[in-house]
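Notes for the one structure printed next.
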Amino acid sequence: MRRTYHPIIIMNKIEKFRLTIILLLLGASFIFTIPAPSYAMDRGGCLTCHRYPGLVKYEKPDKLKVLHISEDKYLLSSHAKVECRECHPKTVQIPHTNVTDVECTVTCHASDKEKVDTIDRSYLTNFHKEQRFAITRLDDESSCRVCHPLYPHSQHNKVRALLNMHTGFMLCEVCHIKDRNQLSVSYDWKKPEEFEFTGEPYGTHEKNVDNAEEKPDSVISKMLKILDDPKEPAEAAKVRHFISRIAVYRTENGINKLIINTEDNQKAGEFIKNEKRLSPADREKDLIFFHRHIAKKEISVACDECHSPKGIIDFRKLGFSESKAKDLQYLNIKGLVTKYDTFYIPNLFGPKK
């Protein structure tokens, strides 16, 4: 007796078979594509601050310490999978106060402790040298630089490096201009200034190459090159870098005029030369004069003036993309600066296994 199947029954069996195959395939793909357990390099959130180039502080009046860590370069290093706090186990709070020494034998090199202890400590100090970017010279013509160093913030140990980071992005007047609300001001890029740096250049920079060899583009130029005296040494090409920074402009008669003090340069130079011979009263009088247009602000006020949705700077008008403008408005590091005197770094993920 021949069996007959209703079309609906046949379709149900086919669909069940297809569903079974699909589930098996999905299950197999799920099994074979799950990566092995891994940990992000920055589990402790250290790059929340240290990823910014130009993060600098003065250890001594003439000695800079660059605190920037390039994530891309770090990921290519031999320690890419090592959590920062495995090397810096005592760094548990912000600001880091005298607890940033490197300790290699706590978790990683315990068996090689005797050998590690013989290593020159200066090697460990320069361990991140290839991952640090900072400006070392900037042709700033303002009177501020006559007295103040390239990175002027040094008093507040919690935020000095973060404030110094702004050297590569804006002029002093952007933050410190007095009576801002009473002036018709705008913010735009200043003409480029030549600068030198350690590591790779960053920000709105451009590169000019002086005495660069020109590629021959004609038979005559090729002949001239052949006829040149080969014994005559060619002049080495010099690479010069220029950086543009955000500046304050005042509108006068429809023309934007850069707000920058250069008229006090000579007097400021004389002040520096004679400062030690001045009486306390005369010194204070001169300092009041030089800072007559400058406002010193609380850290929280200074941060919120720019890094907020209603900040004084329109980052979009300056050419930043929509996503970058939002990043600058809702800067994730601002809360650490404005909400806490001391911030204890949490261990959200527990001990690394």
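By convention in this document, the chains of the structure tokens carry letters A, B, ... by their order, each chain's residues are numbered from 1, and ligands are numbered from 1 in the order they are shown.
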> Just asking: which residues within segment 122-281 of chain A are helix (DSSP H, G or I) according to DSSP, as a PyMOL selection string?
Replying inline: chain A and resi 122-125+129-131+144-147+160-168+172-176+180-182+219-227+265-277+280-281
>> Using only C-alpha atoms for the distances, tell me which of A:Leu47, A:Ile294, A:Leu138, A:Leu55 is nearest to Ile259 of chain A.
In response: A:Ile294
>> Which residues are close to segment 58-65 of chain A, i.e. within 12 Å by only C-alpha atoms, leaving aside same-chain residues fewer than 3 positions away? Reply as a list in words.
In response: Gly54, Leu55, His68, Asn98, Thr125, Asn126, His128, Lys129, Arg132, Phe133, Ala134, Ile135, Thr136, His148, Pro149, Leu150, Tyr151, Pro152, His153, Ser154, Gln155, His156, Asn157, Arg160, Ala161, Asn164 and Thr198 of chain A
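Non-sequential neighbours of segment 333-338 of chain A (distance at most 9 Å, separation of 3 or more positions within a chain, only C-alpha atoms) are Thr48, Cys49, Ile94, Lys158, Val159, Ile299, Ser300, Val301, Cys303, Asp304, His307, Tyr330, Asp341, Thr342 and Phe343 of chain A.
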Those residues with N, CA and C atoms, as an mmCIF file, in the first residue's frame please?
data_model
loop_
_atom_site.group_PDB
_atom_site.id
_atom_site.type_symbol
_atom_site.label_atom_id
_atom_site.label_comp_id
_atom_site.auth_asym_id
_atom_site.auth_seq_id
_atom_site.Cartn_x
_atom_site.Cartn_y
_atom_site.Cartn_z
ATOM 1 N N THR A 48 43.204 56.850 29.559
ATOM 2 C CA THR A 48 42.231 57.934 29.656
ATOM 3 C C THR A 48 42.959 59.271 29.688
ATOM 4 N N CYS A 49 44.098 59.299 30.372
ATOM 5 C CA CYS A 49 44.919 60.521 30.427
ATOM 6 C C CYS A 49 46.151 60.422 29.535
ATOM 7 N N ILE A 94 45.050 59.120 41.586
ATOM 8 C CA ILE A 94 45.316 60.302 40.766
ATOM 9 C C ILE A 94 45.133 61.529 41.655
ATOM 10 N N LYS A 158 48.038 67.781 40.339
ATOM 11 C CA LYS A 158 46.995 66.924 39.783
ATOM 12 C C LYS A 158 46.760 67.194 38.307
ATOM 13 N N VAL A 159 46.783 68.452 37.915
ATOM 14 C CA VAL A 159 46.372 68.801 36.552
ATOM 15 C C VAL A 159 47.464 69.493 35.741
ATOM 16 N N ILE A 299 40.335 75.598 37.990
ATOM 17 C CA ILE A 299 40.474 74.532 37.008
ATOM 18 C C ILE A 299 39.117 74.131 36.421
ATOM 19 N N SER A 300 38.118 73.965 37.290
ATOM 20 C CA SER A 300 36.803 73.519 36.820
ATOM 21 C C SER A 300 36.186 74.531 35.867
ATOM 22 N N VAL A 301 36.369 75.822 36.154
ATOM 23 C CA VAL A 301 35.832 76.866 35.280
ATOM 24 C C VAL A 301 36.519 76.842 33.930
ATOM 25 N N CYS A 303 38.002 74.353 32.434
ATOM 26 C CA CYS A 303 37.615 73.167 31.659
ATOM 27 C C CYS A 303 36.238 73.347 31.024
ATOM 28 N N ASP A 304 35.281 73.802 31.832
ATOM 29 C CA ASP A 304 33.904 73.912 31.362
ATOM 30 C C ASP A 304 33.717 75.013 30.325
ATOM 31 N N HIS A 307 35.081 72.759 27.168
ATOM 32 C CA HIS A 307 34.655 71.372 27.009
ATOM 33 C C HIS A 307 33.244 71.153 27.555
ATOM 34 N N TYR A 330 32.284 66.611 25.302
ATOM 35 C CA TYR A 330 31.995 65.701 26.422
ATOM 36 C C TYR A 330 33.271 64.945 26.817
ATOM 37 N N ASP A 341 39.392 65.567 44.323
ATOM 38 C CA ASP A 341 40.714 66.020 44.740
ATOM 39 C C ASP A 341 41.707 64.870 44.600
ATOM 40 N N THR A 342 41.291 63.695 45.028
ATOM 41 C CA THR A 342 42.074 62.473 44.850
ATOM 42 C C THR A 342 41.149 61.392 44.317
ATOM 43 N N PHE A 343 41.563 60.755 43.230
ATOM 44 C CA PHE A 343 40.746 59.706 42.624
ATOM 45 C C PHE A 343 41.501 58.392 42.749
#
>> I'd like to know which residues of segment 105-332 of chain A are strand (DSSP E) (by DSSP, run on the backbone); could you write them as a PyMOL selection string?
In response: chain A and resi 134-138+185-189+193-198+204-210+238-244+246-252+255-258
Using only C-alpha atoms, find each residue in segment 52-146 of chain A having at least one atom no more than 12 Å away from segment 186-192 of chain A; report its shortest atom-to-atom pair and that distance in Å (one decimal), rows by chain then rising number, as CSV.
residue,atom,partner,partner_atom,distance
A:Leu138,CA,A:Pro192,CA,10.3
A:Asp139,CA,A:Pro192,CA,9.4
A:Asp140,CA,A:Pro192,CA,10.0
A:Glu141,CA,A:Pro192,CA,11.8
Those same residues - N, CA and C atoms - I'd like them written as a compact mmCIF listing (two decimals), in the first residue's frame.
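Final output, out-v3.txt:
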# COMPACT_ATOMS: atom_id res chain seq x y z
N LEU A 138 59.03 75.94 20.45
CA LEU A 138 57.94 76.56 19.70
C LEU A 138 58.23 78.04 19.54
N ASP A 139 58.19 78.54 18.32
CA ASP A 139 58.48 79.95 18.05
C ASP A 139 57.28 80.83 18.39
N ASP A 140 57.01 80.96 19.66
CA ASP A 140 55.91 81.77 20.17
C ASP A 140 56.44 83.17 20.45
N GLU A 141 55.90 84.16 19.75
CA GLU A 141 56.43 85.52 19.87
C GLU A 141 55.76 86.35 20.94
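Nearest to Val102 of chain A of all the residues A:Ser78, A:His176, A:Lys90, A:Arg145 is A:Lys90, based on only C-alpha atoms.
The smallest atom-to-atom distance between Asn256 of chain A and any of A:His205, A:Val106, A:Ala302, A:Val185, using only C-alpha atoms, is found for A:Val185.
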>> Could you list, as a PyMOL selection string, every residue within 10 Å of segment 263-265 of chain A, counting only C-alpha atoms and ignoring same-chain residues fewer than 6 positions away?
In response: chain A and resi 141-147+271+289-290
>> Excluding segment 316-321 of chain A and its own-chain neighbours fewer than 5 positions away, which residues fall within 12 Å of it when counting only C-alpha atoms? Please give them as a count of residues only.
In response: 17
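Rounded to one decimal, atom CA of Val56 of chain A and atom CA of His166 of chain A lie 10.1 Å from each other.
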